[in-house]
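Before any comments, here is the structure.
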Amino acid sequence: MRSGKRSFYPEYVRSAERLECAVQALDRISRALVRTVEGPRTLVEAVVRAAAEHLQADRLLLGIADGALRAARPRFLLLHHGELVDDEDRLPPEAREQLDVIRTRPWEIELAPGGPGWVRAPMTLDDEPVGGIVGWPGDVQVADTDLAIMRVLANQAAVAVHNSFLFHAAAQLRGRTEQLSEAAAQQARDLAARNAELQETQRRLVEAMQRQALDDERHRIARELHDTVTQYVLSAGMTVEVCRSELAEMGPQAQEIAEKLAPAKGLTQQAVERLRAAIYALHHGAEEPPGSLPVLLKQLSTVHLSSELKVEVRVAGSPAPLRPEDESSILRLTGEALFNVVSHAGATRAVVQLVYQQQQLRLTISDDGTGDPAQLRRSLKLSSATDLAGRHRGLANMAARAQELGGTLGIRRSRMGGVALQLRVPLSSTREVMS
C-alpha cells in the first residue's frame with residue numbers, strides 16, 4: 001500500500017498494534033471473568049493480573065467502595081512487582097492515597113482519569129460507582145482505547161464479583177439446606193427412637209393391665225370362696241355336729257347313726273383347711289411374667305387347681321393383638337365360667353379352647369359336668385327381667401361382657417357331656433383400633 005503522506009504507515013502500524021492489543025485484552029478479560037465459580041478472591045486476582053498485563057504495569061490496584069458489594073472479599077488487592085497485597089499496612093503511600101479515593105469518593109475516579117504516572121478506570125454496577133482500578137503503566141503511552149478496555153474490564157469485574165458472591169451464597173445456602181435436611185433426618189431418627197420408647201412403655205402398660213386383670217380375678221375368686229363356699233362348709237360341719245348331739249341322746253340305734261356321721265366332721269374340717277390354703281394362695285400368688293392372651297389363659301387355669309377340676313387350655317390359629325380392655329374382659333369372662341364350673345357343675349375336667357380365625361376370635365369353655373344347657377339358656381333369657389343369683393347371675397355377667405366386646409355368647413351341650421359356653425368376637429374392629 002502506497003501513500004504520499006510520510007506519517008501514514010507508522011500510524012497504521014500503531015493502530016494495528018493497538019487493535020491487536022485490544023483483542024488480546026478482551027481475551028484476557030474473558031479468561032479472567034470465567035473464573036467466577038472459583039470464588040471472589042480468585043476472580044479479583046485474575047482481573048488484577050489481566051489489567052496489569054494489558055497496561056504492562058508492575059503495580060495495579062483494584063478496590064471496592066465502602067458500602068458497595070458488601071459481601072465481596074477481598075475489599076482491595078494490589079499487584080506490586082508480581083506480589084499480591086491485601087494488607088493495608090503494607091501499601092505504598094501512593095497506593096494508599098488512590099485506595100482512599102476509591103473507597104470514599106468513587107465518583108471522582110472517572111472525573112479525574114489520569115495523573116502523573118498512573119491511570120484510573122471506574123467500576124460501575126447499574127450505573128452506580130462501586131469501585132475502580134488504578135494502574136501505574138510506567139513508560140507505556142496509554143491511549144483512549146486502553147482506558148475504554150480498562151473500563152470494560154472494571155465493569156465486567158464488578159458484575160462478575162457480584163455474581164460470584166451470589167453463586168457462593170447459593171452454594172452456602174445449599175450447604176445450609178443440606179445441614180437442615182440432615183438435622184431433619186436426625187430429628188426423624190430421634191422421633192422414631194422416642195416412638196419406639198413410647199411403644200415399649202405402652203407394651204409395659206398393657207402387661208401391667210393384664211397382670212392387674214389376673215390379680216383381680218384371683219382376688220375375686222378368693223372372696224367368693226371365703227364368703228360362700230367356706231361358709232357353706234362350716235355350716236355343714238356345724239349342722240352335722242348338731243345332728244350327732246341330738247342323735248346321741250335318742251338311743252342306741254340313733255347313737256350308731258351318730259357314730260357314722262363322725263367322719264363327716266373331719267371331712268368338713270379338712271375342706272375348710274384346703275379352702276383357706278387356696279384363699280391364701282390366691283391372695284399371695286407368685287409373680288408370673290405377663291404375656292399374650294393364650295399365656296394369660298393358661299395362667300388363669302391354674303387358679304382353680306385347688307379343686308378337683310383339671311383344666312386344659314388349647315390354642316389354634318395365629319394369635320392376633322387385642323386391645324388391653326378386650327383381653328381383660330375375655331380373661332374375666334373365662335374366670336367367671338371356670339368358677340361356675342368349679343362351684344356348680346360338679347365337673348372333674350374342663351377345656352378352654354381359643355381359636356383365632358380370619359375375621360373373629362372364638363373362645364369355648366367346655367366341661368364334663370351335670371349342667372343342663374337348655375335350662376341355662378332359659379335362665380339367661382330371664383336375666384334382663386329378674387335379679388338372678390348364683391350361676392345364673394354369672395351367666396348374665398358373661399353375656400354382658402360378650403355384648404361389650406361386640407360379640408355373642410352361646411350355650412350348648414359339650415362333647416364331654418356337660419355344658420359348652422362359646423364366645424365369638426369379631427377381630428376386624430379390634431385390629432383397626434390397634435393400628
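Lettering and numbering for the C-alpha cells are positional, with chains as A, B, ... in the shown order, residues counted from 1 in each chain, and ligands counted from 1 in the shown order.
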* Asked: So which bits of stretch 33-211 of chain A end up helix (DSSP H, G or I) when you DSSP the backbone, as a ChimeraX atom specification?
  -> /A:33,36-38,40-55,88-90,93-104,108-111,144-211
* **Long-range neighbours of stretch 117-130 of chain A as a list in words, 7 Å cut-off, only C-alpha atoms, 5 positions minimum in chain** =>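 The contact residues come out as Ile64, Ala65, Ala68, Pro106, Trp107, Ile109, Glu110, Gly135, Trp136, Pro137, Gly138, Leu147, Met150, Arg151, Ala154, Asn155, Ala158 and Val159 of chain A.
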Export of the given selection (N, CA, C and O atoms) as a compact mmCIF listing (two decimals), in the first residue's frame:
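Output file again08.txt follows:
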```txt
# COMPACT_ATOMS: atom_id res chain seq x y z
N ILE A 64 -12.81 -1.69 46.08
CA ILE A 64 -14.27 -1.61 46.11
C ILE A 64 -14.65 -0.52 47.10
O ILE A 64 -14.09 -0.42 48.19
N ALA A 65 -15.63 0.31 46.72
CA ALA A 65 -16.04 1.44 47.54
C ALA A 65 -16.73 0.95 48.81
O ALA A 65 -17.34 -0.13 48.84
N ALA A 68 -20.44 -0.65 49.06
CA ALA A 68 -20.80 -1.33 47.82
C ALA A 68 -20.35 -2.79 47.87
O ALA A 68 -19.32 -3.09 48.46
N PRO A 106 -15.72 7.29 45.07
CA PRO A 106 -15.58 6.53 43.82
C PRO A 106 -16.04 7.32 42.59
O PRO A 106 -15.61 7.02 41.48
N TRP A 107 -16.91 8.33 42.79
CA TRP A 107 -17.36 9.12 41.63
C TRP A 107 -16.26 9.98 41.05
O TRP A 107 -16.34 10.41 39.90
N ILE A 109 -13.26 8.99 40.38
CA ILE A 109 -12.34 8.19 39.55
C ILE A 109 -12.51 8.53 38.09
O ILE A 109 -11.54 8.74 37.35
N GLU A 110 -13.74 8.65 37.64
CA GLU A 110 -13.98 8.95 36.22
C GLU A 110 -13.81 10.43 35.93
O GLU A 110 -13.45 10.81 34.81
N GLY A 135 -3.81 1.93 37.78
CA GLY A 135 -2.60 1.27 37.33
C GLY A 135 -1.46 2.27 37.15
O GLY A 135 -1.68 3.46 36.87
N TRP A 136 -0.24 1.78 37.30
CA TRP A 136 0.97 2.58 37.06
C TRP A 136 1.70 1.95 35.87
O TRP A 136 2.51 1.02 36.04
N PRO A 137 1.40 2.42 34.64
CA PRO A 137 1.92 1.74 33.44
C PRO A 137 3.39 1.99 33.15
O PRO A 137 3.94 1.40 32.22
N GLY A 138 4.01 2.84 33.85
CA GLY A 138 5.43 3.09 33.58
C GLY A 138 5.63 3.91 32.31
O GLY A 138 5.07 4.99 32.15
N LEU A 147 -8.00 3.01 27.99
CA LEU A 147 -8.91 3.39 29.08
C LEU A 147 -10.28 2.74 28.89
O LEU A 147 -10.91 2.31 29.88
N MET A 150 -9.98 -0.76 29.99
CA MET A 150 -9.92 -0.82 31.45
C MET A 150 -11.30 -0.66 32.06
O MET A 150 -11.65 -1.33 33.03
N ARG A 151 -12.12 0.26 31.47
CA ARG A 151 -13.48 0.44 31.99
C ARG A 151 -14.32 -0.82 31.79
O ARG A 151 -15.09 -1.23 32.66
N ALA A 154 -13.17 -3.29 34.30
CA ALA A 154 -13.62 -2.94 35.64
C ALA A 154 -15.12 -3.22 35.82
O ALA A 154 -15.55 -3.79 36.83
N ASN A 155 -15.92 -2.81 34.81
CA ASN A 155 -17.36 -3.01 34.91
C ASN A 155 -17.72 -4.50 34.92
O ASN A 155 -18.57 -4.95 35.70
N ALA A 158 -16.97 -5.97 38.22
CA ALA A 158 -18.00 -5.69 39.23
C ALA A 158 -19.15 -6.67 39.12
O ALA A 158 -19.63 -7.23 40.12
N VAL A 159 -19.60 -6.89 37.87
CA VAL A 159 -20.71 -7.84 37.66
C VAL A 159 -20.28 -9.25 38.07
O VAL A 159 -21.02 -9.99 38.73
```
Shell of 6 Å around stretch 336-346 of chain A, only C-alpha atoms, local chain residues under 3 positions omitted, as a PDB file with N, CA, C and O atoms, in the first residue's frame:
```pdb
ATOM      1  N   LEU A 333     -64.281 -63.058  81.725  1.00  0.00           N
ATOM      2  CA  LEU A 333     -65.354 -63.964  81.306  1.00  0.00           C
ATOM      3  C   LEU A 333     -64.920 -65.422  81.490  1.00  0.00           C
ATOM      4  O   LEU A 333     -65.679 -66.260  81.988  1.00  0.00           O
ATOM      5  N   GLY A 369     -69.423 -81.822  83.316  1.00  0.00           N
ATOM      6  CA  GLY A 369     -70.298 -81.812  84.490  1.00  0.00           C
ATOM      7  C   GLY A 369     -71.721 -82.200  84.189  1.00  0.00           C
ATOM      8  O   GLY A 369     -72.055 -82.775  83.149  1.00  0.00           O
ATOM      9  N   THR A 370     -72.613 -81.798  85.110  1.00  0.00           N
ATOM     10  CA  THR A 370     -74.029 -82.198  85.055  1.00  0.00           C
ATOM     11  C   THR A 370     -74.938 -81.050  84.641  1.00  0.00           C
ATOM     12  O   THR A 370     -76.163 -81.149  84.791  1.00  0.00           O
ATOM     13  N   GLY A 371     -74.393 -79.966  84.154  1.00  0.00           N
ATOM     14  CA  GLY A 371     -75.211 -78.815  83.789  1.00  0.00           C
ATOM     15  C   GLY A 371     -76.125 -79.102  82.618  1.00  0.00           C
ATOM     16  O   GLY A 371     -75.835 -79.942  81.754  1.00  0.00           O
ATOM     17  N   ARG A 391     -75.175 -69.234  89.722  1.00  0.00           N
ATOM     18  CA  ARG A 391     -74.612 -69.439  88.390  1.00  0.00           C
ATOM     19  C   ARG A 391     -75.318 -68.594  87.343  1.00  0.00           C
ATOM     20  O   ARG A 391     -74.750 -68.215  86.347  1.00  0.00           O
TER      21      ARG A 391
END
```
* Asked: Within 8 Å of A:Phe76, counting only C-alpha atoms, which residues qualify if same-chain residues fewer than 4 places away don't, as an MDAnalysis selection string?
  -> chainID A and resid 61:64 86 99
* Asked: Which of these, A:Arg362, A:Thr348, A:Ala208, A:Gly67, has the shortest distance to A:Leu409 once you count only C-alpha atoms?
  ->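 Closest to A:Leu409, using only C-alpha atoms: A:Arg362.
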* **atom CA of A:Ala420 to atom CA of A:Ile365, distance in Å rounded to a single decimal** =>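 Between atom CA of A:Ala420 and atom CA of A:Ile365 the gap works out to 5.5 Å.
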* **Point-to-point distance in Å for atom CA of A:Leu421 and atom CA of A:His219** =>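 For atom CA of A:His219 relative to atom CA of A:Leu421, the distance reads 23.2 Å.
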* Quick one: residues within 7 Å of stretch 324-329 of chain A, only C-alpha atoms counted, chain neighbours fewer than 4 positions away excluded, as a count of residues only? -> 8
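In this comparison, which uses only C-alpha atoms, the residue of A:Ile411, A:Leu60, A:Leu331, A:Ala148 approaching A:Asp216 most closely is A:Leu331.
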* To do: Please indicate the distance in Å from atom CA of A:Asn397 to atom CA of A:Lys381, rounded to one decimal place.
  =>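 Atom CA of A:Lys381 lies at a distance of 12.6 Å from atom CA of A:Asn397.
For the choices A:Leu91, A:Leu296, A:Ala184, A:Val355, the atom-to-atom distance to A:Pro319 is smallest for A:Val355 when using only C-alpha atoms.
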* Asked: For A:Val240, which residue among A:Gln255, A:Thr228, A:Thr268, A:Ser414 is the nearest when counting only C-alpha atoms?
  ->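 Going through A:Gln255, A:Thr228, A:Thr268, A:Ser414 one by one, the smallest distance to A:Val240 is for A:Thr268.
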* Structure fact -> Closest of A:Leu395, A:Leu361, A:Leu247, A:Ala271 to A:Pro294, counting only C-alpha atoms, is A:Leu361
* Write out as a list in words the residues lying within 12 Å of stretch 195-204 of chain A, counting only C-alpha atoms and excluding same-chain residues fewer than 2 positions away. =>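 Result of the neighbour search: Gln187, Ala188, Arg189, Asp190, Leu191, Ala192, Ala193, Val206, Glu207, Ala208, Met209, Gln210, Arg211, Pro289, Pro290, Gly291, Ser292, Pro321, Leu322, Arg323, Pro324 and Met434 of chain A.
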